[in-house]
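Notes to accompany the following structure.
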Amino acid sequence: MSFSSIENLPLKEKKNSLIIKSIGFGRVCNILALLFSACIVSGYIFSIPDLYRPFHDGPATNPLTALCLILLSLFSVLRQINSKLKYHLLPYLVIGLVIFKLIWHTDYSWLSEWLLTDEAKLHVAEHNAMGLNTSIMLLLLAVAKIFQQTNHSYYYQSTLLLSLVAPSLALTGYVYHSDSLYGSMSLSTMIGGYLLCVGAMASSANKAIFRLWLKDSIVGKIARLQIIVGVSFCFILGFICRHELQQGSISAVFPAYVAVVCWLVLFLTAFSSHILNKSERQKKQYEQELIYSARLDPLTGILNRRGFQEELNKERSRQRRYGGVISVLMIDIDYFKRVNDTFGHDVGDEIIKTVATIAKTSVRCTDIVCRYGGEEIIVALPKTSLSQATLVAYKIKNAIAQQDMSVFTGKPHHQTVSIGCAAIKQDTASIDVVFKNADLALYQAKRNGRNRVVSEIEVEGENTSKE
């Protein structure tokens with residue numbers, strides 16, 4: 001992870017302080033791993049046994065182990081400085097050294113001869129070997145670094161998790177005083193391995209598995225809770241069981257252990273289910289709000305054309321089953337272009353909103369009001385005859401004409417509208433024909449001088465008289 005990596009993060013990741021802090025923590029761990037490994041080597045050079053053998057009778061960090069830790073931590077630090085560094089030889093060198101050691105069973109005694117003083121050589125012979133657990137840890141760390149170079153994030157992080165097994169077992173062994181768990185891995189090796197593993201994991205916090213764990217989402221919160229509770233619970237329970245076993249009461253420990261583990265599983269499952277259920281409810285609520293907002297006109301807050309069509313289709317289904325008439329009012333604001341040119345588009349928008357509000361409040365809550373486009377408002381009146389709809393149209397027209405618009409225009413202004421009316425009958429084959437009739441009635445109202453209500457019957461009568 002380079003020092004410019006945070007600038008290259010997606011915007012959502014920049015806002016996630018946990019991911020950013022983890023990346024910064026990873027950089028610190030990588031530098032500490034390099035310094036700590038150098039301290040181990042300096043312990044050999046300057047004859048300070050405590051640096052490579054923290055416990056007098058315990059295992060020591062082999063010089064080859066210290067060298068491999070330096071090479072791997074140096075690679076991590078170099079990657080921080082230049083993230084485009086690819087196919088570097090350091091991980092391959094570590095793999096070669098470890099494999100050579102495992103196959104030919106060499107202890108690289110020449111390295112000890114070169115690093116140690118004559119006095120120190122007398123004290124390092126016992127428990128100073130690279131054990132199998134250390135070899136596996138170093139191999140996995142080196143392989144992970146190769147995956148990092150080739151940008152295989154999932155392989156990289158999975159291998160890092162596997163490499164963490166050996167130092168974790170060693171830590172458990174040191175905590176519970178069980179040398180069978182840490183074997184030849186010294187406390188210094190374990191700390192160096194942990195710094196390398198944790199540093200590498202934290203440095204890739206914005207990718208793959210670790211990103212899922214650290215995201216500010218339901219998945220991330222559940223994962224973090226389960227990891228923290230699970231690990232803490234197991235360690236605490238381990239102390240209790242060890243104490244009871246030392247007292248020789250194994251028959252009482254085992255049932256209690258099983259019961260408590262079952263309780264932990266049930267607790268984590270119940271908590272996860274609660275969180276997921278809450279998330280599911282929120283998701284459904286957001287989906288409903290999204291669907292609802294997709295049916296609304298953003299300016300007026302009434303239905304848009306899509307929402308109107310859906311509601312009208314529902315009313316048509318009821319009409320086919322139960323009968324009745326659905327009347328349609330097509331409302332158009334008179335001289336709206338002149339209003340925009342005179343007062344500006346902002347005032348025009350306010351007038352459209354006012355007309356929509358008056359139309360909405362002048363009809364029943366079961367009626368359908370929508371902004372069909374531009375300055376055109378359409379009202380559908382279920383179970384309403386054309387004569388009744390004409391009365392509703394006059395009510396809307398008069399209410400709009402009486403509304404004082406000077407609050408928007410800055411001078412006295414009363415807006416008028418023209419309305420065309422048509423009816424959808426039970427046997428009407430196409431709604432488009434009805435809308436065309438309403439549009440013709442609206443055109444007739446405008447041609448007759450605007451500020452009028454005209455029904456399709458009047459249009460038909462006028463056409464008949466002409467014939």
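Quick note on naming: the chains in the structure tokens go A, B, ... in the order shown, residues restart at 1 in each chain, and ligands are numbered from 1 in order of appearance.
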Quiz item: Hey, what's within 8 Å of A:Leu140 if we count only C-alpha atoms and toss same-chain stuff fewer than 3 positions away? As a count of residues only, please?
Solution: 8
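Of all the residues in stretch 290-356 of chain A, the ones DSSP labels as strand (DSSP E or B) from the backbone are Leu296, Leu303, Ile326, Ser327, Val328, Leu329, Met330, Ile331, Asp332 and Ile333 of chain A.
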Output C-alpha atoms for every residue in that selection, as a PDB file, in the first residue's frame.
```
ATOM      1  CA  LEU A 296     -44.222  11.127  -8.029  1.00  0.00           C
ATOM      2  CA  LEU A 303     -48.316  11.564  -9.344  1.00  0.00           C
ATOM      3  CA  ILE A 326     -64.438   7.233 -14.929  1.00  0.00           C
ATOM      4  CA  SER A 327     -64.321  10.872 -15.970  1.00  0.00           C
ATOM      5  CA  VAL A 328     -61.112  12.623 -17.001  1.00  0.00           C
ATOM      6  CA  LEU A 329     -60.290  16.320 -16.611  1.00  0.00           C
ATOM      7  CA  MET A 330     -57.425  17.746 -18.668  1.00  0.00           C
ATOM      8  CA  ILE A 331     -56.307  21.050 -17.123  1.00  0.00           C
ATOM      9  CA  ASP A 332     -53.981  23.461 -18.943  1.00  0.00           C
ATOM     10  CA  ILE A 333     -52.651  26.771 -17.552  1.00  0.00           C
TER      11      ILE A 333
END
```
Quiz prompt | Who sits within 8 Å of stretch 268-281 of chain A, only C-alpha atoms, same chain under 5 positions skipped, as a VMD selection string | solution = chain A and resid 218 222 226
Practice problem: Quick one: everything within 8 Å of A:Val355, counting only C-alpha atoms, minus sequence neighbours fewer than 4 positions away in the same chain. Send it as a ChimeraX atom specification. | Solution: /A:351,359,400
Selection export as a PDB file, in the first residue's frame, atoms kept: N, CA and C atoms:
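Wrote again_32.pdb, looks like this:
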```pdb
ATOM      1  N   ILE A 351     -46.369  28.623  -9.831  1.00  0.00           N
ATOM      2  CA  ILE A 351     -47.769  28.611 -10.290  1.00  0.00           C
ATOM      3  C   ILE A 351     -48.226  27.193 -10.601  1.00  0.00           C
ATOM      4  N   ALA A 359     -55.965  21.635  -7.423  1.00  0.00           N
ATOM      5  CA  ALA A 359     -56.643  20.504  -8.064  1.00  0.00           C
ATOM      6  C   ALA A 359     -56.714  19.306  -7.113  1.00  0.00           C
ATOM      7  N   ILE A 400     -58.902  28.230  -8.772  1.00  0.00           N
ATOM      8  CA  ILE A 400     -57.604  28.696  -9.279  1.00  0.00           C
ATOM      9  C   ILE A 400     -57.684  30.171  -9.657  1.00  0.00           C
TER      10      ILE A 400
END
```
Practice problem: Would you list the contacts of A:Phe147 as a PyMOL selection string, taking every protein, DNA or RNA residue within 12 Å and counting only C-alpha atoms, but skipping same-chain residues closer than 2 positions in sequence? | Solution: chain A and resi 86-88+91-92+140-145+149-160+200
Self-check item: All residues 10 Å or closer to A:Leu74, only C-alpha atoms, same chain fewer than 5 positions away omitted, as a list in words
Solution: Asn30, Ile31, Ala33, Leu34, Leu35, Ser37, Cys68, Leu69, Arg79, Gln80 and Leu90 of chain A
Exercise. Go through A:Gly220, A:Gly373, A:Gly348, A:Pro298 and flag the residue nearest A:Gln415, using only C-alpha atoms for the distances.
Key: A:Gly348
Quiz prompt | Test item, alpha helix (DSSP H) assignment across stretch 279-363 of chain A, answer as a PyMOL selection string | solution = chain A and resi 279-294+305-322+336-343+345-361
Self-check item: Given only C-alpha atoms as the counted atoms, nearest of A:Gly238, A:Leu51, A:Ile20, A:Val339 to A:Leu214
Solution: A:Ile20
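Proximity of A:Thr384, A:Thr361, A:Ser203, A:Gln402 to A:Gly24, computed with only C-alpha atoms, is greatest for A:Ser203.
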Exercise. Can you pull out every residue within 10 Å of A:Gly307, counting only C-alpha atoms, but drop anything in the same chain fewer than 2 positions away, and send it as a PyMOL selection string?
Key: chain A and resi 291-297+302-305+309-313+368-371
Exercise. Between A:Asn437, A:Ile431, A:Tyr394, A:Val28, single out the one closest to A:Val417, counting only C-alpha atoms.
Key: A:Tyr394
Quiz item: Taking only C-alpha atoms into account, which of A:Ser385, A:Asn398, A:Ser455, A:Thr409 comes nearest A:Val347?
Solution: A:Thr409
Practice problem: Could you jot down the atom CA of A:Asn82 to atom CA of A:Ala208 separation for me, Å, one decimal place? | Solution: 20.8 Å
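The residue that comes closest to A:Phe210, out of A:Ile19, A:Val453, A:Thr172, A:Asn448 and on the basis of only C-alpha atoms, is A:Ile19.
Between atom CA of A:Ala38 and atom CA of A:Met190 lies a distance of 14.7 Å.
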